[in-house]
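Asker: Got a structure for you, written out below as structure tokens; questions coming shortly.
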Amino acid sequence: MYLPGVGPQKADVLRKELDIVSWEDMIYYFPYKYIDRSKIFKIREINGNMPYIQLKGKIRNYETLGEGSARRLIADFYDDTGNIELVWFRNIKRIQNIYKTNTEYILFGKPTMFGYKINIAHPELDTENKFFQGEVGVQGQYNTTEKMKDAFLHSRAVQRIIVTIFEQIKAPLPETLNIETIRKANVIHRDEAIRNIHFPQSQDLLRKAQYRLKFEELFYLQLNILRVTKYRKQRLGGLYFSKIGKYFNDFYHNNLPFELTGAQKRVVREIRHDVNNGRQMNRLLQGDVGSGKTLVALLSMLIALDNGCQAALMAPTEILAIQHYETLQKLLTGLDVEFALLTGSTKKKIREKLLPDVREGKIKILIGTHALIEDSVAFNNLGLVVIDEQHRFGVAQRARLWKKNAIPPHILVMTATPIPRTLAMTVYGDLDVSIIDELPPGRKPVKTIHVYSAKRTNLYDSVRKQLQQGRQVYIVYPLIEESETMDLKNLTEGFKITQEIFPEYKVCMIHGKMKPAEKDAEMQKFISGDTQIMVATTVIEVGVNVPNASVMIIENAERFGLSQLHQLRGRVGRGADQSFCILLTNYELSENTRKRISIMTETNDGFLIAEEDLKLRGPGDIDGTQQSGVAFNLKIANLSHDGQILSLARDLAQQILEDDPLLQSSQNMVLNQQLNKLNQNKQVGWFMIS
Ligand code: ADP
Ligand code: MG
């Protein structure tokens, strides 16, 4: 059955563009903004910073200007306070026929500053008569894509479809929350909320409708994740690591290369407590780049060993796995701990010898990539898995590890990507969080400097000075998929130019199109110091430690997101020397870009940056959430603004589950049903584990 007023063609566009296949989907397609259509401005009052506004006036005359793509139609529009230009770039003929001169129109559009003048491009014009027939007051605007517009599904058409739907369904929409929750959260009913979100009867009801729908969305998100967590905690016991023994003590007293920072000590204590209370640990360790997470990982693994267990350390890439292996070689020198490396490229012969040793428990610590969690890798008694630099490792993936042992191993996920509190609550609601908020002593914060590309000559002199002191340099180019070939050309050109500017130094290059082995080889040259300058796209490994690299130059910094810039900056400042991060941009920058650049030059605080990033970009864009399939497509709630509603939703969900963990009571029936319904839907289903 097609939606009322929607033929097969439009239905097809709605499905392809918005994934809307039913009237229910349709009424959950909410306006993205509202316009007060009761207010009419005077031309004298308007300026270029205003949002969409309305004017009332007449067109005096038309004029066609420019040639080719610059061809445009200009109308002189006036009221009793002044005049303004209207501009059209398309449908030039038709517009002149439809909109008559000297006829009163209500104009709707967005004023923009163009040079010293204000104009309005592609305004909507209505005669007063038509306008006052019902389209006054607060009016919702719906997002539409280009393809939708081609099929004449613009904002108003979407609105009309929704009108038709409401005309057809006379009965109130069923409630999805129980009375208790409605009362405690102090929200309006669903029927009233949905109707008012589309056709607000007043500003007040619009606010209440938004509040109710945001609450509902976040409430179910929390109810879902908390239910999973509760279930897991109840069902899955954990290994007891009660002892601190020889492995830990020998290392701590003989091999520890430096005093632990206060934060490292605190986190180790938190972990110790966590692994000795009979429940499986699921902990997220957040600590900025260079904060010393590896050492915490090692200490935790040694505790596992002291309690007769094995441990595994998993890294996202081969390079990182090798680096961890080498770090452990240094740290564990002289101690009697068997450990080994297993990656996708471990030779078959070695692998065949290694796997039985792991299975029999001879190898105590296994370091590697995803190869570790393949089914062929069996352990004797795996007690702890540390997952490095992979906050994308979601619930479902972690669940696979639980099967690696009779009692599921403790899990420690480490990440240098700070996750804002609200986001962590939503995506990692089932993880306990530890934070290393202190860098080892002696580190100098990276100095970040903004330089316009046109003024880069001086920059090269300073860079040369660093190179002369024996330091190494990264130069990063953006790589954005849409224009990949172009970007690659930029990168290769950048490589050549760099060679020309610094003929006395060796330059290497890596990018995403290279084979992994090739990439690793180039990376290795830089790590070992064979090359002094690395030209790269953002593929430079997360977590790669080259303490000697002290300069990071980011070309076209305007094309990077805030978190991404911060991640890149983290590649330098890992040694004792003063490091620099140079952000190169064009002169012309949007306001948003200026903000990003100034945040970068002002702070090194990863959490602050993550919060700002969330505000500037919205959570859907946060690095990782999308690639990981964690995409919880929030329809109306906004994690950066609705933190309070989220907390309330979480508290209420928690209370409900405390009394009725399986949601079986008659009054929680409706919650159970709705949860199951949402779980059938792919978006939330991610959280459930078989
Ligand atoms: P990350 O948290 O980014 O993984 P690493 O574990 O790689 O950081 O540590 C970064 C550097 O800091 C390493 O060279 C490590 O040896 C050093 N380091 C770690 N802890 C301390 C400490 N307490 N005091 C001094 N240096 C430390
Ligand atoms: Mg690390």
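Following the order of the structure tokens, first chain is A, next is B, and so on, with residues numbered from 1 inside each chain and ligands from 1 in the order they appear.
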Just want the 10 Å neighbourhood of range 21-29 of chain A, counted on only C-alpha atoms, with same-chain residues fewer than 2 positions away dropped. Output as JSON, numbers by chain.
Answerer: {"A": [1, 2, 3, 4, 11, 12, 14, 15, 16, 18, 19, 31, 32, 142, 143, 158, 159, 161, 162, 163, 165, 166, 169, 194, 195, 197, 198, 213, 635, 636]}
Asker: Write out as a PyMOL selection string the residues lying within 9 Å of Ile597 in chain A, counting only C-alpha atoms and excluding same-chain residues fewer than 3 positions away.
Answerer: chain A and resi 450+557-558+562+583+592-594+600-602
Asker: Write out as a ChimeraX atom specification the residues lying within 9 Å of range 291-297 of chain A, counting only C-alpha atoms and excluding same-chain residues fewer than 6 positions away.
Answerer: /A:260-261,264-265,267-268,285,313,324,327,386,388,412,414-416,436-440
Asker: Keeping all heavy atoms, export the residues of the selection given above as a short mmCIF file (atom, residue, chain, number, x, y, z; two decimals), in the first residue's frame.
Answerer:
data_model
loop_
_atom_site.label_atom_id
_atom_site.label_comp_id
_atom_site.auth_asym_id
_atom_site.auth_seq_id
_atom_site.Cartn_x
_atom_site.Cartn_y
_atom_site.Cartn_z
N LEU A 260 55.62 5.54 38.20
CA LEU A 260 54.31 5.71 37.57
C LEU A 260 53.75 7.09 37.90
O LEU A 260 54.00 7.62 38.97
CB LEU A 260 53.33 4.66 38.10
CG LEU A 260 53.57 3.20 37.75
CD1 LEU A 260 52.44 2.34 38.33
CD2 LEU A 260 53.65 3.00 36.25
N THR A 261 52.98 7.64 36.97
CA THR A 261 52.31 8.90 37.29
C THR A 261 51.15 8.60 38.24
O THR A 261 50.71 7.45 38.35
CB THR A 261 51.72 9.58 36.03
OG1 THR A 261 50.71 8.72 35.49
CG2 THR A 261 52.78 9.85 34.99
N GLN A 264 48.34 6.91 36.48
CA GLN A 264 48.59 5.50 36.17
C GLN A 264 48.36 4.63 37.40
O GLN A 264 47.74 3.57 37.32
CB GLN A 264 50.02 5.31 35.65
CG GLN A 264 50.21 5.73 34.19
CD GLN A 264 51.68 5.76 33.79
OE1 GLN A 264 52.55 6.13 34.58
NE2 GLN A 264 51.97 5.37 32.55
N LYS A 265 48.84 5.11 38.54
CA LYS A 265 48.65 4.35 39.78
C LYS A 265 47.16 4.18 40.10
O LYS A 265 46.71 3.10 40.45
CB LYS A 265 49.33 5.06 40.96
CG LYS A 265 50.82 4.86 41.01
CD LYS A 265 51.39 5.52 42.27
CE LYS A 265 52.91 5.58 42.18
NZ LYS A 265 53.47 6.62 43.02
N VAL A 267 44.61 4.27 38.09
CA VAL A 267 43.93 3.38 37.15
C VAL A 267 44.27 1.92 37.44
O VAL A 267 43.41 1.05 37.39
CB VAL A 267 44.27 3.78 35.69
CG1 VAL A 267 43.78 2.73 34.73
CG2 VAL A 267 43.67 5.14 35.37
N VAL A 268 45.53 1.65 37.77
CA VAL A 268 45.90 0.27 38.10
C VAL A 268 45.10 -0.20 39.33
O VAL A 268 44.61 -1.33 39.36
CB VAL A 268 47.42 0.14 38.35
CG1 VAL A 268 47.76 -1.24 38.89
CG2 VAL A 268 48.18 0.39 37.05
N LEU A 285 39.56 2.38 29.05
CA LEU A 285 40.61 3.25 29.59
C LEU A 285 40.88 4.36 28.58
O LEU A 285 41.36 4.11 27.48
CB LEU A 285 41.88 2.43 29.84
CG LEU A 285 43.13 3.21 30.24
CD1 LEU A 285 42.89 4.07 31.46
CD2 LEU A 285 44.30 2.26 30.49
N LEU A 313 47.05 -9.07 24.11
CA LEU A 313 47.08 -7.64 23.82
C LEU A 313 46.82 -7.47 22.33
O LEU A 313 47.58 -7.94 21.50
CB LEU A 313 48.44 -7.04 24.21
CG LEU A 313 48.74 -5.59 23.82
CD1 LEU A 313 47.69 -4.64 24.37
CD2 LEU A 313 50.13 -5.20 24.33
N HIS A 324 54.21 -2.88 20.00
CA HIS A 324 53.94 -3.35 21.36
C HIS A 324 54.85 -4.52 21.72
O HIS A 324 55.35 -4.61 22.84
CB HIS A 324 52.48 -3.82 21.47
CG HIS A 324 51.52 -2.70 21.72
ND1 HIS A 324 51.79 -1.66 22.56
CD2 HIS A 324 50.28 -2.46 21.22
CE1 HIS A 324 50.75 -0.83 22.58
NE2 HIS A 324 49.83 -1.29 21.76
N THR A 327 58.18 -3.15 22.51
CA THR A 327 58.15 -2.46 23.81
C THR A 327 58.23 -3.48 24.94
O THR A 327 58.98 -3.32 25.91
CB THR A 327 56.85 -1.64 23.95
OG1 THR A 327 56.77 -0.74 22.86
CG2 THR A 327 56.83 -0.85 25.24
N VAL A 386 43.45 -7.15 26.46
CA VAL A 386 43.58 -5.71 26.36
C VAL A 386 43.43 -5.35 24.88
O VAL A 386 44.09 -5.93 24.03
CB VAL A 386 44.95 -5.22 26.87
CG1 VAL A 386 45.03 -3.70 26.77
CG2 VAL A 386 45.19 -5.68 28.29
N ASP A 388 43.79 -2.38 22.26
CA ASP A 388 44.39 -1.05 22.21
C ASP A 388 43.84 -0.23 21.05
O ASP A 388 43.62 -0.75 19.96
CB ASP A 388 45.91 -1.19 22.06
CG ASP A 388 46.62 0.14 22.26
OD1 ASP A 388 46.05 1.02 22.94
OD2 ASP A 388 47.74 0.31 21.75
N LEU A 412 39.82 -5.04 28.82
CA LEU A 412 40.23 -3.64 28.99
C LEU A 412 40.39 -3.04 27.60
O LEU A 412 41.19 -3.50 26.80
CB LEU A 412 41.57 -3.60 29.74
CG LEU A 412 42.16 -2.22 30.02
CD1 LEU A 412 41.29 -1.42 30.97
CD2 LEU A 412 43.58 -2.36 30.58
N MET A 414 41.39 0.19 25.42
CA MET A 414 42.13 1.45 25.62
C MET A 414 41.95 2.36 24.41
O MET A 414 41.96 1.89 23.27
CB MET A 414 43.62 1.16 25.78
CG MET A 414 43.94 0.16 26.88
SD MET A 414 45.66 0.21 27.42
CE MET A 414 46.51 -0.30 25.94
N THR A 415 41.81 3.62 24.66
CA THR A 415 41.69 4.54 23.54
C THR A 415 42.26 5.91 23.86
O THR A 415 42.20 6.38 24.99
CB THR A 415 40.22 4.72 23.09
OG1 THR A 415 40.19 5.68 22.04
CG2 THR A 415 39.34 5.22 24.22
N ALA A 416 42.83 6.51 22.83
CA ALA A 416 43.34 7.88 22.98
C ALA A 416 42.32 8.87 22.46
O ALA A 416 42.50 10.06 22.53
CB ALA A 416 44.64 8.04 22.22
N ILE A 436 43.10 8.39 32.32
CA ILE A 436 44.43 8.89 32.68
C ILE A 436 44.47 10.34 32.25
O ILE A 436 44.43 10.65 31.07
CB ILE A 436 45.56 8.13 31.95
CG1 ILE A 436 45.45 6.63 32.21
CG2 ILE A 436 46.91 8.63 32.40
CD1 ILE A 436 46.64 5.84 31.70
N ASP A 437 44.48 11.22 33.25
CA ASP A 437 44.36 12.64 32.91
C ASP A 437 45.65 13.38 33.24
O ASP A 437 45.65 14.54 33.59
CB ASP A 437 43.18 13.25 33.67
CG ASP A 437 43.22 12.91 35.14
OD1 ASP A 437 44.22 12.30 35.59
OD2 ASP A 437 42.26 13.23 35.86
N GLU A 438 46.75 12.67 33.15
CA GLU A 438 48.02 13.28 33.53
C GLU A 438 49.10 12.72 32.62
O GLU A 438 49.15 11.52 32.39
CB GLU A 438 48.29 12.87 34.99
CG GLU A 438 49.55 13.40 35.59
CD GLU A 438 49.79 12.77 36.98
OE1 GLU A 438 48.90 12.06 37.50
OE2 GLU A 438 50.89 12.99 37.52
N LEU A 439 49.93 13.59 32.07
CA LEU A 439 51.00 13.11 31.21
C LEU A 439 52.25 12.86 32.06
O LEU A 439 52.42 13.48 33.11
CB LEU A 439 51.32 14.15 30.14
CG LEU A 439 50.25 14.36 29.05
CD1 LEU A 439 50.70 15.42 28.07
CD2 LEU A 439 49.93 13.06 28.32
N PRO A 440 53.11 11.94 31.62
CA PRO A 440 54.37 11.72 32.35
C PRO A 440 55.13 13.04 32.47
O PRO A 440 55.02 13.89 31.60
CB PRO A 440 55.13 10.73 31.47
CG PRO A 440 54.09 10.02 30.70
CD PRO A 440 52.99 11.01 30.49
#
Asker: Could you list, as a short mmCIF file (atom, residue, chain, number, x, y, z; two decimals) with N, CA, C and O atoms, in the first residue's frame, every residue within 9 Å of Pro661 in chain A, counting only C-alpha atoms and ignoring same-chain residues fewer than 3 positions away?
Answerer:
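Final output, around_19.cif:
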data_model
loop_
_atom_site.label_atom_id
_atom_site.label_comp_id
_atom_site.auth_asym_id
_atom_site.auth_seq_id
_atom_site.Cartn_x
_atom_site.Cartn_y
_atom_site.Cartn_z
N ARG A 227 19.65 -2.91 29.99
CA ARG A 227 19.10 -4.25 30.12
C ARG A 227 20.14 -5.29 29.69
O ARG A 227 20.34 -6.30 30.35
N LYS A 230 22.84 -5.45 32.45
CA LYS A 230 22.35 -6.13 33.65
C LYS A 230 22.33 -7.63 33.45
O LYS A 230 22.77 -8.40 34.28
N TYR A 231 21.83 -7.98 32.28
CA TYR A 231 21.72 -9.38 31.94
C TYR A 231 23.10 -10.02 31.95
O TYR A 231 23.33 -11.08 32.51
N ILE A 656 13.55 1.45 36.71
CA ILE A 656 12.60 0.46 36.22
C ILE A 656 13.24 -0.93 36.20
O ILE A 656 12.67 -1.91 36.66
N LEU A 657 14.48 -1.00 35.70
CA LEU A 657 15.15 -2.30 35.59
C LEU A 657 15.52 -2.86 36.96
O LEU A 657 15.61 -4.06 37.14
N GLU A 658 15.77 -1.97 37.90
CA GLU A 658 16.09 -2.41 39.24
C GLU A 658 14.93 -3.23 39.82
O GLU A 658 15.11 -4.29 40.38
N GLN A 664 8.71 -7.59 33.08
CA GLN A 664 7.62 -8.55 32.96
C GLN A 664 6.33 -8.09 33.63
O GLN A 664 5.28 -8.67 33.39
#
Asker: Just the alpha helix (DSSP H) stuff from range 390-609 of chain A, please, per backbone DSSP, written as number ranges by chain.
Answerer: A: 395-402, 421-427, 457-468, 484-501, 516-528, 562-569, 591-602, 606-609
Asker: Counting only C-alpha atoms and all ligand atoms, which of A:Lys595, A:Arg283, A:Arg574, A:Lys455 gets nearest to ligand 1?
Answerer: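 For ligand 1, the nearest of the given residues is A:Arg574.
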Asker: Please report as a Markdown table every residue of range 156-254 of chain A lying within 9 Å of range 335-351 of chain A, along with the nearest atom pair and their distance in Å (one decimal), using only C-alpha atoms.
Answerer:
| residue | atom | partner | partner_atom | distance |
| --- | --- | --- | --- | --- |
| A:Tyr247 | CA | A:Val337 | CA | 7.8 |
| A:Asp250 | CA | A:Leu335 | CA | 7.5 |
| A:Phe251 | CA | A:Leu335 | CA | 7.4 |
Asker: Would you put the residues from that selection into a file with C-alpha atoms, as a PDB file, in the first residue's frame?
Answerer:
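Everything below was put into part-v3.pdb:
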ATOM      1  CA  TYR A 247      55.360 -11.547  37.859  1.00  0.00           C
ATOM      2  CA  ASP A 250      59.584  -8.630  39.831  1.00  0.00           C
ATOM      3  CA  PHE A 251      58.655  -6.248  37.086  1.00  0.00           C
TER       4      PHE A 251
END
Asker: Restricting the calculation to only C-alpha atoms: of A:Ala157, A:Met425, A:Ile106, A:Ala649, which residue gets closest to Asp79 in chain A?
Answerer: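 Looking at the shortest contact to Asp79 in chain A, the residue is A:Ile106.
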Asker: Between CA of Ser550 in chain A and CA of Leu491 in chain A, what is the distance in Å, rounded to a tenth?
Answerer: 20.9 Å
Asker: Would you work out the distance separating CA of Glu192 in chain A from CA of Tyr220 in chain A, expressed in Å to one decimal?
Answerer: 19.2 Å
Asker: Pick out the closest residue to Ala399 in chain A from this set: A:Arg359, A:Ser598, A:Ile553, A:Val228. Count only C-alpha atoms.
Answerer: A:Val228
Asker: Rounded to one decimal place, report the CA of Lys489 in chain A-CA of Glu555 in chain A distance in Å.
Answerer: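 Atom-to-atom, CA of Lys489 in chain A and CA of Glu555 in chain A are spaced 13.6 Å apart.
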Asker: Excluding Thr537 in chain A and residues on its chain fewer than 6 positions from it, collect all residues at most 6 Å away from it, counting only C-alpha atoms, and give them as a count of residues only.
Answerer: 4
Asker: Based on the backbone DSSP call, show me all residues of range 401-637 of chain A assigned strand (DSSP E), as an NGL selection string.
Answerer: :A and (410-415 or 432-436 or 447-452 or 472-476 or 507-510 or 533-536 or 549-554 or 580-585)
Asker: What's around Ile419 in chain A at 8 Å? Count only C-alpha atoms, leave out sequence neighbours fewer than 3 positions away in its own chain, and write the answer as a PDB file with all heavy atoms, in the first residue's frame.
Answerer:
ATOM      1  N   LEU A 423      28.187  10.875  24.995  1.00  0.00           N
ATOM      2  CA  LEU A 423      28.319   9.871  23.948  1.00  0.00           C
ATOM      3  C   LEU A 423      28.709   8.528  24.557  1.00  0.00           C
ATOM      4  O   LEU A 423      28.181   7.484  24.188  1.00  0.00           O
ATOM      5  CB  LEU A 423      29.366  10.334  22.946  1.00  0.00           C
ATOM      6  CG  LEU A 423      29.383   9.595  21.620  1.00  0.00           C
ATOM      7  CD1 LEU A 423      28.062   9.792  20.902  1.00  0.00           C
ATOM      8  CD2 LEU A 423      30.522  10.075  20.749  1.00  0.00           C
ATOM      9  N   ALA A 424      29.621   8.576  25.520  1.00  0.00           N
ATOM     10  CA  ALA A 424      30.071   7.348  26.167  1.00  0.00           C
ATOM     11  C   ALA A 424      28.896   6.631  26.825  1.00  0.00           C
ATOM     12  O   ALA A 424      28.746   5.420  26.741  1.00  0.00           O
ATOM     13  CB  ALA A 424      31.145   7.661  27.195  1.00  0.00           C
ATOM     14  N   PHE A 607      39.653  16.092  25.924  1.00  0.00           N
ATOM     15  CA  PHE A 607      38.242  16.007  26.275  1.00  0.00           C
ATOM     16  C   PHE A 607      37.495  17.265  25.878  1.00  0.00           C
ATOM     17  O   PHE A 607      36.402  17.210  25.334  1.00  0.00           O
ATOM     18  CB  PHE A 607      38.061  15.748  27.774  1.00  0.00           C
ATOM     19  CG  PHE A 607      38.235  14.309  28.098  1.00  0.00           C
ATOM     20  CD1 PHE A 607      39.447  13.810  28.507  1.00  0.00           C
ATOM     21  CD2 PHE A 607      37.168  13.436  27.931  1.00  0.00           C
ATOM     22  CE1 PHE A 607      39.609  12.472  28.762  1.00  0.00           C
ATOM     23  CE2 PHE A 607      37.322  12.089  28.192  1.00  0.00           C
ATOM     24  CZ  PHE A 607      38.551  11.605  28.612  1.00  0.00           C
ATOM     25  N   ALA A 610      37.005  17.098  22.249  1.00  0.00           N
ATOM     26  CA  ALA A 610      35.947  16.164  21.863  1.00  0.00           C
ATOM     27  C   ALA A 610      34.567  16.772  22.093  1.00  0.00           C
ATOM     28  O   ALA A 610      33.654  16.613  21.283  1.00  0.00           O
ATOM     29  CB  ALA A 610      36.085  14.860  22.644  1.00  0.00           C
TER      30      ALA A 610
END
Asker: Give me the residues within 12 Å of His273 in chain A as a list in words, counting only C-alpha atoms and dropping any in the same chain fewer than 5 places off.
Answerer: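 Everything that qualifies: Tyr240, Phe241, Ser242, Lys243, Ile244, Arg266, Val267, Val268, Gly278, Arg279, Gln280, Met281, Arg283, Ser300 and Ile303 of chain A.
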Asker: Hey, which of A:Arg207, A:Lys58, A:His641, A:Arg471 ends up closest to Ile527 in chain A? Count only C-alpha atoms.
Answerer: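 Counting only C-alpha atoms, the residue closest to Ile527 in chain A is A:Arg471.
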Asker: With distances taken over only C-alpha atoms and all ligand atoms, which of A:Val6, A:Ile225, A:Ile387, A:Leu372 is nearest to ligand 2?
Answerer: A:Ile387
